[in-house]
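Contents: one structure, followed by commentary.
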Amino acid sequence: MGKLWSACFYLIICLPLLSACDDSSEPKPDVLETISKSEYAVASAHPLATQAGIKILQEGGNAFDAAVAVTATLAVVEPYASGIGGGGFWLLHFADEDYDIMVDGREVAPFAATRDMYIDAQGNPTKNSVTGPLAAGIPGTPAAITHIAENYGRLPLSQSLAPAIELARDGFLLTEFYAKRAKVVVERLQQFPETMKIFMPNGEVPQAGFKLVQSDLAQVLEQIAADGFDGFYRGDVAQKLVSSVQQAGGIWQLEDLDDYQVIERKPIKGNYKNLEIVSATLPSSGGIVMMQVLNMLSQFDLPAMNEAQRKHVIVEAMRRAYYDRARYLGDKDFVNVQVDELLSMSHAEKHWADFSAQHATRSEDYLENVLDDKPKVNEQAQNTTHFSILDQDGNQVAATLSINYYFGSGFVAKGTGVLLNNEMDDFSIQPGHANLWGLVGSEANAIEPGKRMLSSMSPTFLSDGQRIAILGTPGGSRIISMVLLSALAFSEGASAEQMVNLPRYHHQFLPDEIQYESGALQADTIATLQSMGHVLNDLERSYGNMHVIVWDLKTKQVTAASDLRAIGTAQVETSQ
Ligand code: DON
């Protein structure tokens, strides 16, 4: 192993590799040469949202206007996945300046939140981090879309929000996909009459073909179109949100909304072999964990390995990076996170010191301040959403948005139609307690007023020198491993379609097991991994909902693909 590491360090010194958080302000000539391109694309989790994005691009909007339209439309047509009562991360690439930023519209803990607010008198976690208004962080999505429209868009909000307003006001036809997701949480939704009135008007899960009308939500969106930030965070809508939350036992106050701030952050940037990676930074763990895994893997020639060996090293790298996630990561505006250190090759080397090519490492041997209360594998699939956009000028957006679980907290603030998130559960509500995604955490991700909860959402841009990829997916803790596996595939030449349809497997340190989609691992690979001491968990279903756009700078061809596991669509158009 020593030799491999020396080779690796040689490469680092001799090649401009691994520059976490570099600014790379020099425009890449090959990108500039192709700026006068003619194809553009949108890929999202719902056909109506993809259509809305394309429409806005055809009306003269840029990728950022289209991102506003797609975000708002998904909020209307996928109430089980995202919404203006939630938050997310929008990764933006400005083609003119060859520059990237991450718009952080993550929810924040209300000012009245306390570290132990979800622990009962006996010291046990309650369900309040999951169900009802106490589970909701202060939403960031309305602030993010107004910020993006006002600073980077070309069109007025009234135009980019028009498709969403129309679909909320006039209704749209539900599919079986909606019904399946509503069924999972029907008991939670039944606790809240305002939610039932809108999402289950006849007291039961609506069938495919039912027209869902959301008049209150249409009005709130109109208010945002008219007044921007103030339309949601101040005035009439804010009053309704706060009084409804408080009446139901929640702790939101007007100052929480008034004070909400979008933050523009420098994304995580790094290199792996032929790849340049731009991905989400804290409060998302995505870019850091993915780069850590890639750093550990950079010593191997993965394509030359057999399946079992390849999976063994990838899983061992995931185990170690997810350990760091649990141990060290949290909102860096509140806690000190040594990001540069975590992303350094010397840190990767330390992690790899106990790696064995023959045996699985035991996560237990890593336990220090991260306790295990036997994290369970939770149902996680297509709650949360992702979309990718490439416009006529080469501007790019990758955005992953969430209200956390299906239909969030289940609570709709009266008279607003706004379904509130249950993102507070992404905090480490008690050190060692596993959240909905089986993730444990430490003090770094403990609740504090105004703090952002740690996320796994990982909107990402990749470049292999010739091609650019814009990608992301929902999937809770598995988001990072899904994006990682697709990044590895892209570096080996995979197309957009191959990236979204790749069989998926995952390890997140705890529980100490390889989780995989049915059929993702061959029988002989499973047998070899088991003989090495890995615990295998066939999830007996698929997970994730990835959307990818690939732009080939040489051929100038744009291709796009939406995950076959769900109902999204990818559309590529040519400018006239
Ligand atoms: O921010 C996070 O990491 C989670 N709230 C995302 C949840 C999610 O992706 C659920 N999807 N299946």
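Following the order of the structure tokens, first chain is A, next is B, and so on, with residues numbered from 1 inside each chain and ligands from 1 in the order they appear.
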_Any residue with an atom at most 7 Å from ligand 1 counts, using only C-alpha atoms and all ligand atoms. Which are they? Put them as a ChimeraX atom specification._
/A:380-384,402-405,423,426,454-457,474-477,479,544
For the contact check between segment 154-253 of chain A and segment 106-128 of chain A, emit one row per residue of segment 154-253 of chain A within 9 Å, containing the shortest atom pair and the distance in Å rounded to one decimal, counting only C-alpha atoms, chain then rising number order, as a Markdown table.
| residue | atom | partner | partner_atom | distance |
| --- | --- | --- | --- | --- |
| A:Ile251 | CA | A:Ala112 | CA | 6.2 |
| A:Trp252 | CA | A:Pro110 | CA | 6.0 |
| A:Gln253 | CA | A:Pro110 | CA | 7.7 |
Take the residues just selected and output them with C-alpha atoms as a PDB file, in the first residue's frame.
ATOM      1  CA  ILE A 251     -42.771  27.149  18.055  1.00  0.00           C
ATOM      2  CA  TRP A 252     -42.425  29.343  14.960  1.00  0.00           C
ATOM      3  CA  GLN A 253     -42.480  33.110  15.501  1.00  0.00           C
TER       4      GLN A 253
END
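Residue nearest Arg169 of chain A within the list A:Glu276, A:Asp324, A:Glu194, A:Asp216: A:Asp216 [criterion: smallest interatomic distance, only C-alpha atoms].
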*Using only C-alpha atoms, which of A:Val130, A:Leu57, A:Val289, A:Leu174 sits nearest Val76 of chain A?*
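Closest to Val76 of chain A of all the choices is A:Leu174.
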*Residues at most 12 Å from Thr528 of chain A, counting only C-alpha atoms, excluding those fewer than 3 positions away in the same chain, as a PyMOL selection string?*
chain A and resi 306-312+358-360+521-525+531-536
Writing out the chosen residues with C-alpha atoms as a CSV table (one decimal), in the first residue's frame:
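This went into again.csv:
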chain,number,residue,atom,x,y,z
A,306,ASN,CA,-12.9,-7.8,-10.6
A,307,GLU,CA,-16.5,-7.0,-9.4
A,308,ALA,CA,-16.0,-8.2,-5.8
A,309,GLN,CA,-12.6,-6.4,-5.3
A,310,ARG,CA,-14.0,-3.2,-6.9
A,311,LYS,CA,-17.1,-3.2,-4.6
A,312,HIS,CA,-15.0,-4.1,-1.6
A,358,GLN,CA,-9.1,-9.5,2.1
A,359,HIS,CA,-11.4,-8.5,5.0
A,360,ALA,CA,-14.2,-6.0,5.7
A,521,LEU,CA,-25.0,-7.5,-7.1
A,522,GLN,CA,-24.2,-10.8,-8.8
A,523,ALA,CA,-24.5,-14.0,-6.7
A,524,ASP,CA,-20.7,-14.7,-6.9
A,525,THR,CA,-19.9,-11.1,-5.9
A,531,SER,CA,-16.6,-14.5,2.7
A,532,MET,CA,-14.6,-11.3,3.4
A,533,GLY,CA,-16.9,-10.5,6.4
A,534,HIS,CA,-19.3,-8.0,4.8
A,535,VAL,CA,-23.0,-8.2,5.9
A,536,LEU,CA,-25.2,-7.9,2.8
*Could you check which of A:Lys266, A:Leu157, A:Glu222, A:Glu39 is closest to Leu553 of chain A, using only C-alpha atoms?*
A:Glu39
Quick one: everything within 10 Å of Gln214 of chain A, counting only C-alpha atoms, minus sequence neighbours fewer than 3 positions away in the same chain. Send it as a short mmCIF file (atom, residue, chain, number, x, y, z; two decimals) with all heavy atoms, in the first residue's frame.
data_model
loop_
_atom_site.label_atom_id
_atom_site.label_comp_id
_atom_site.auth_asym_id
_atom_site.auth_seq_id
_atom_site.Cartn_x
_atom_site.Cartn_y
_atom_site.Cartn_z
N VAL A 76 -45.78 22.11 -6.54
CA VAL A 76 -47.22 21.91 -6.73
C VAL A 76 -47.54 20.45 -7.08
O VAL A 76 -48.46 19.87 -6.52
CB VAL A 76 -47.74 22.85 -7.86
CG1 VAL A 76 -49.20 22.55 -8.19
CG2 VAL A 76 -47.56 24.31 -7.45
N VAL A 77 -46.76 19.88 -7.99
CA VAL A 77 -47.14 18.56 -8.53
C VAL A 77 -46.54 17.37 -7.78
O VAL A 77 -46.94 16.24 -8.00
CB VAL A 77 -46.84 18.44 -10.05
CG1 VAL A 77 -47.61 19.49 -10.83
CG2 VAL A 77 -45.34 18.55 -10.33
N ILE A 165 -48.37 28.43 -10.71
CA ILE A 165 -49.62 29.06 -10.21
C ILE A 165 -50.82 28.46 -10.94
O ILE A 165 -51.82 28.08 -10.33
CB ILE A 165 -49.56 30.59 -10.39
CG1 ILE A 165 -48.49 31.18 -9.46
CG2 ILE A 165 -50.93 31.23 -10.14
CD1 ILE A 165 -48.16 32.64 -9.68
N GLU A 166 -50.67 28.31 -12.24
CA GLU A 166 -51.76 27.75 -13.04
C GLU A 166 -52.10 26.31 -12.61
O GLU A 166 -53.26 25.96 -12.44
CB GLU A 166 -51.30 27.74 -14.50
CG GLU A 166 -52.42 27.74 -15.50
CD GLU A 166 -51.83 27.92 -16.90
OE1 GLU A 166 -51.20 28.97 -17.15
OE2 GLU A 166 -51.98 26.98 -17.69
N LEU A 167 -51.07 25.50 -12.40
CA LEU A 167 -51.30 24.11 -12.02
C LEU A 167 -51.91 24.00 -10.62
O LEU A 167 -52.73 23.12 -10.35
CB LEU A 167 -49.99 23.31 -12.07
CG LEU A 167 -49.47 23.01 -13.47
CD1 LEU A 167 -47.99 22.64 -13.45
CD2 LEU A 167 -50.30 21.89 -14.12
N ALA A 168 -51.54 24.91 -9.73
CA ALA A 168 -52.12 24.89 -8.38
C ALA A 168 -53.58 25.36 -8.45
O ALA A 168 -54.46 24.74 -7.84
CB ALA A 168 -51.30 25.77 -7.45
N ARG A 169 -53.81 26.42 -9.22
CA ARG A 169 -55.15 27.02 -9.27
C ARG A 169 -56.14 26.13 -10.04
O ARG A 169 -57.24 25.86 -9.58
CB ARG A 169 -55.05 28.39 -9.94
CG ARG A 169 -56.32 29.23 -9.87
CD ARG A 169 -56.20 30.46 -10.75
NE ARG A 169 -55.84 30.08 -12.10
CZ ARG A 169 -54.95 30.73 -12.86
NH1 ARG A 169 -54.33 31.81 -12.40
NH2 ARG A 169 -54.69 30.32 -14.08
N ASP A 170 -55.72 25.65 -11.22
CA ASP A 170 -56.64 24.91 -12.08
C ASP A 170 -56.59 23.40 -11.84
O ASP A 170 -57.45 22.67 -12.31
CB ASP A 170 -56.34 25.19 -13.55
CG ASP A 170 -56.43 26.68 -13.86
OD1 ASP A 170 -57.04 27.40 -13.06
OD2 ASP A 170 -55.86 27.11 -14.88
N GLY A 171 -55.56 22.96 -11.15
CA GLY A 171 -55.45 21.53 -10.84
C GLY A 171 -54.70 20.75 -11.90
O GLY A 171 -54.45 21.23 -13.01
N PHE A 172 -54.31 19.56 -11.54
CA PHE A 172 -53.64 18.64 -12.47
C PHE A 172 -54.03 17.22 -12.07
O PHE A 172 -54.49 16.98 -10.95
CB PHE A 172 -52.11 18.83 -12.43
CG PHE A 172 -51.50 18.40 -11.12
CD1 PHE A 172 -50.90 17.15 -10.98
CD2 PHE A 172 -51.57 19.22 -10.00
CE1 PHE A 172 -50.37 16.73 -9.76
CE2 PHE A 172 -51.04 18.80 -8.78
CZ PHE A 172 -50.45 17.57 -8.67
N ILE A 198 -57.13 19.11 1.55
CA ILE A 198 -56.48 19.35 0.25
C ILE A 198 -56.05 18.05 -0.43
O ILE A 198 -56.33 17.84 -1.60
CB ILE A 198 -55.24 20.26 0.43
CG1 ILE A 198 -55.66 21.57 1.08
CG2 ILE A 198 -54.53 20.50 -0.91
CD1 ILE A 198 -54.50 22.40 1.61
N PHE A 199 -55.35 17.21 0.33
CA PHE A 199 -54.67 16.07 -0.32
C PHE A 199 -55.47 14.78 -0.31
O PHE A 199 -55.16 13.85 -1.03
CB PHE A 199 -53.29 15.87 0.31
CG PHE A 199 -52.38 17.05 0.07
CD1 PHE A 199 -52.06 17.93 1.10
CD2 PHE A 199 -51.90 17.31 -1.21
CE1 PHE A 199 -51.26 19.03 0.86
CE2 PHE A 199 -51.10 18.41 -1.45
CZ PHE A 199 -50.77 19.27 -0.42
N LYS A 211 -58.34 15.03 -10.04
CA LYS A 211 -57.74 16.36 -10.28
C LYS A 211 -57.47 17.05 -8.94
O LYS A 211 -58.39 17.34 -8.19
CB LYS A 211 -58.70 17.20 -11.12
CG LYS A 211 -58.04 18.52 -11.54
CD LYS A 211 -59.01 19.43 -12.23
CE LYS A 211 -58.72 19.48 -13.71
NZ LYS A 211 -59.39 20.62 -14.35
N LEU A 217 -52.57 27.41 -2.08
CA LEU A 217 -51.16 27.41 -2.50
C LEU A 217 -50.98 28.35 -3.70
O LEU A 217 -49.98 29.09 -3.79
CB LEU A 217 -50.71 25.99 -2.85
CG LEU A 217 -49.24 25.83 -3.21
CD1 LEU A 217 -48.33 26.20 -2.04
CD2 LEU A 217 -48.93 24.38 -3.63
N ALA A 218 -51.96 28.33 -4.62
CA ALA A 218 -51.88 29.23 -5.79
C ALA A 218 -51.80 30.68 -5.32
O ALA A 218 -51.03 31.48 -5.85
CB ALA A 218 -53.10 29.02 -6.69
N GLN A 219 -52.61 30.99 -4.30
CA GLN A 219 -52.60 32.38 -3.80
C GLN A 219 -51.27 32.76 -3.16
O GLN A 219 -50.79 33.88 -3.32
CB GLN A 219 -53.73 32.57 -2.81
CG GLN A 219 -55.01 32.93 -3.52
CD GLN A 219 -56.19 33.08 -2.57
OE1 GLN A 219 -55.99 33.37 -1.39
NE2 GLN A 219 -57.38 32.86 -3.07
N THR A 416 -53.08 28.37 3.82
CA THR A 416 -51.92 28.61 2.96
C THR A 416 -51.69 27.50 1.93
O THR A 416 -51.02 27.73 0.92
CB THR A 416 -50.61 28.71 3.78
OG1 THR A 416 -50.33 27.42 4.36
CG2 THR A 416 -50.70 29.75 4.87
N GLY A 417 -52.18 26.31 2.21
CA GLY A 417 -51.89 25.17 1.34
C GLY A 417 -50.45 24.73 1.43
O GLY A 417 -50.02 23.86 0.67
N VAL A 418 -49.68 25.33 2.34
CA VAL A 418 -48.23 25.01 2.42
C VAL A 418 -48.01 23.84 3.39
O VAL A 418 -48.29 23.93 4.58
CB VAL A 418 -47.41 26.25 2.88
CG1 VAL A 418 -45.93 25.87 3.02
CG2 VAL A 418 -47.58 27.40 1.92
#
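Reported to one decimal place, the separation of atom CA of Leu48 of chain A from atom CA of Asp552 of chain A is 26.5 Å.
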*Nearest to Ala238 of chain A among A:Gly394, A:Gly153, A:Gly415, A:Gly83, with distances taken over only C-alpha atoms: which residue is it?*
A:Gly415
*asked:* Considering only C-alpha atoms, can you say which of A:Gly330, A:Gly87, A:Gly132, A:Pro511 comes closest to Leu189 of chain A?
replied: A:Gly132
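Distances to Ala95 of chain A were evaluated for A:Ile526, A:Ala63, A:Val245, A:Ala399 using only C-alpha atoms, and the minimum falls at A:Ala63.
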*Just asking: which residues within segment 213-263 of chain A are alpha helix (DSSP H) according to DSSP, as number ranges by chain?*
A: 215-227, 230-233, 235-247, 254-259
Would you save the residues from that selection as a CSV table (one decimal), in the first residue's frame, using N, CA, C and O atoms?
chain,number,residue,atom,x,y,z
A,215,SER,N,-56.0,25.7,-4.3
A,215,SER,CA,-56.2,27.2,-4.4
A,215,SER,C,-55.4,28.0,-3.5
A,215,SER,O,-54.9,29.1,-3.8
A,216,ASP,N,-55.3,27.6,-2.2
A,216,ASP,CA,-54.6,28.4,-1.2
A,216,ASP,C,-53.1,28.5,-1.6
A,216,ASP,O,-52.5,29.6,-1.6
A,217,LEU,N,-52.6,27.4,-2.1
A,217,LEU,CA,-51.2,27.4,-2.5
A,217,LEU,C,-51.0,28.3,-3.7
A,217,LEU,O,-50.0,29.1,-3.8
A,218,ALA,N,-52.0,28.3,-4.6
A,218,ALA,CA,-51.9,29.2,-5.8
A,218,ALA,C,-51.8,30.7,-5.3
A,218,ALA,O,-51.0,31.5,-5.9
A,219,GLN,N,-52.6,31.0,-4.3
A,219,GLN,CA,-52.6,32.4,-3.8
A,219,GLN,C,-51.3,32.8,-3.2
A,219,GLN,O,-50.8,33.9,-3.3
A,220,VAL,N,-50.7,31.8,-2.4
A,220,VAL,CA,-49.4,32.1,-1.8
A,220,VAL,C,-48.3,32.3,-2.9
A,220,VAL,O,-47.5,33.2,-2.8
A,221,LEU,N,-48.4,31.5,-3.9
A,221,LEU,CA,-47.4,31.6,-5.0
A,221,LEU,C,-47.6,33.0,-5.7
A,221,LEU,O,-46.6,33.6,-6.1
A,222,GLU,N,-48.9,33.4,-5.8
A,222,GLU,CA,-49.1,34.7,-6.5
A,222,GLU,C,-48.6,35.8,-5.6
A,222,GLU,O,-48.0,36.8,-6.1
A,223,GLN,N,-48.7,35.6,-4.3
A,223,GLN,CA,-48.2,36.6,-3.4
A,223,GLN,C,-46.6,36.7,-3.5
A,223,GLN,O,-46.1,37.8,-3.5
A,224,ILE,N,-46.0,35.6,-3.7
A,224,ILE,CA,-44.5,35.6,-3.9
A,224,ILE,C,-44.2,36.2,-5.2
A,224,ILE,O,-43.2,37.0,-5.3
A,225,ALA,N,-45.0,35.9,-6.2
A,225,ALA,CA,-44.8,36.5,-7.6
A,225,ALA,C,-44.9,38.1,-7.5
A,225,ALA,O,-44.1,38.8,-8.1
A,226,ALA,N,-45.8,38.5,-6.6
A,226,ALA,CA,-46.0,40.0,-6.5
A,226,ALA,C,-45.0,40.7,-5.6
A,226,ALA,O,-44.5,41.7,-5.9
A,227,ASP,N,-44.7,40.0,-4.5
A,227,ASP,CA,-43.9,40.7,-3.5
A,227,ASP,C,-42.5,40.1,-3.2
A,227,ASP,O,-41.8,40.5,-2.3
A,230,ASP,N,-40.9,39.1,0.7
A,230,ASP,CA,-41.9,39.5,1.6
A,230,ASP,C,-43.3,38.8,1.4
A,230,ASP,O,-44.0,38.7,2.4
A,231,GLY,N,-43.5,38.4,0.2
A,231,GLY,CA,-44.8,37.7,0.0
A,231,GLY,C,-45.0,36.4,0.8
A,231,GLY,O,-46.1,35.9,1.0
A,232,PHE,N,-43.9,35.8,1.2
A,232,PHE,CA,-44.0,34.6,2.1
A,232,PHE,C,-43.5,34.9,3.5
A,232,PHE,O,-44.2,34.4,4.4
A,233,TYR,N,-42.5,35.6,3.7
A,233,TYR,CA,-41.8,35.7,5.0
A,233,TYR,C,-42.3,36.9,5.8
A,233,TYR,O,-42.0,37.0,7.0
A,235,GLY,N,-45.9,39.8,6.3
A,235,GLY,CA,-47.2,40.1,5.9
A,235,GLY,C,-48.2,39.0,6.2
A,235,GLY,O,-48.0,38.1,7.0
A,236,ASP,N,-49.2,39.0,5.3
A,236,ASP,CA,-50.4,38.1,5.5
A,236,ASP,C,-50.0,36.6,5.6
A,236,ASP,O,-50.5,35.8,6.4
A,237,VAL,N,-49.2,36.1,4.6
A,237,VAL,CA,-48.9,34.7,4.6
A,237,VAL,C,-48.1,34.3,5.8
A,237,VAL,O,-48.3,33.3,6.5
A,238,ALA,N,-47.1,35.2,6.2
A,238,ALA,CA,-46.3,34.9,7.4
A,238,ALA,C,-47.2,34.8,8.6
A,238,ALA,O,-47.0,33.9,9.5
A,239,GLN,N,-48.1,35.7,8.7
A,239,GLN,CA,-49.1,35.7,9.9
A,239,GLN,C,-49.8,34.4,9.9
A,239,GLN,O,-50.0,33.8,11.0
A,240,LYS,N,-50.3,34.0,8.8
A,240,LYS,CA,-51.1,32.7,8.7
A,240,LYS,C,-50.2,31.5,9.1
A,240,LYS,O,-50.7,30.6,9.9
A,241,LEU,N,-49.0,31.5,8.6
A,241,LEU,CA,-48.1,30.4,8.9
A,241,LEU,C,-47.9,30.3,10.4
A,241,LEU,O,-48.0,29.2,11.0
A,242,VAL,N,-47.5,31.4,11.0
A,242,VAL,CA,-47.1,31.4,12.4
A,242,VAL,C,-48.3,31.1,13.3
A,242,VAL,O,-48.2,30.3,14.2
A,243,SER,N,-49.5,31.7,13.0
A,243,SER,CA,-50.6,31.5,13.9
A,243,SER,C,-51.0,30.0,13.8
A,243,SER,O,-51.4,29.4,14.9
A,244,SER,N,-51.0,29.5,12.6
A,244,SER,CA,-51.5,28.1,12.5
A,244,SER,C,-50.5,27.1,13.2
A,244,SER,O,-50.9,26.2,13.9
A,245,VAL,N,-49.2,27.4,13.0
A,245,VAL,CA,-48.2,26.5,13.6
A,245,VAL,C,-48.3,26.6,15.2
A,245,VAL,O,-48.3,25.6,15.9
A,246,GLN,N,-48.5,27.8,15.7
A,246,GLN,CA,-48.5,28.0,17.1
A,246,GLN,C,-49.8,27.3,17.7
A,246,GLN,O,-49.7,26.7,18.8
A,247,GLN,N,-50.9,27.5,17.0
A,247,GLN,CA,-52.2,26.9,17.5
A,247,GLN,C,-52.0,25.3,17.6
A,247,GLN,O,-52.7,24.7,18.4
A,254,LEU,N,-42.9,35.1,14.2
A,254,LEU,CA,-42.8,36.0,13.0
A,254,LEU,C,-41.3,36.3,12.7
A,254,LEU,O,-40.9,36.4,11.6
A,255,GLU,N,-40.5,36.5,13.8
A,255,GLU,CA,-39.1,36.8,13.6
A,255,GLU,C,-38.3,35.7,12.9
A,255,GLU,O,-37.3,36.0,12.2
A,256,ASP,N,-38.7,34.5,13.1
A,256,ASP,CA,-38.1,33.4,12.4
A,256,ASP,C,-38.1,33.6,10.9
A,256,ASP,O,-37.2,33.3,10.2
A,257,LEU,N,-39.3,33.9,10.5
A,257,LEU,CA,-39.6,34.0,9.0
A,257,LEU,C,-38.9,35.3,8.5
A,257,LEU,O,-38.1,35.3,7.5
A,258,ASP,N,-39.1,36.4,9.2
A,258,ASP,CA,-38.5,37.7,8.9
A,258,ASP,C,-37.0,37.6,8.7
A,258,ASP,O,-36.4,38.3,7.9
A,259,ASP,N,-36.4,36.8,9.5
A,259,ASP,CA,-34.9,36.7,9.6
A,259,ASP,C,-34.3,35.7,8.7
A,259,ASP,O,-33.1,35.6,8.5
_Those of segment 190-361 of chain A in DSSP strand (DSSP E), formatted as a ChimeraX atom specification_ = /A:211-212,263-265,268-272,275-279
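Going from atom CA of Ile470 of chain A over to atom CA of Thr569 of chain A, you cover 14.8 Å.
Here atom CA of Val339 of chain A is placed at a distance of 24.5 Å from atom CA of Thr361 of chain A.
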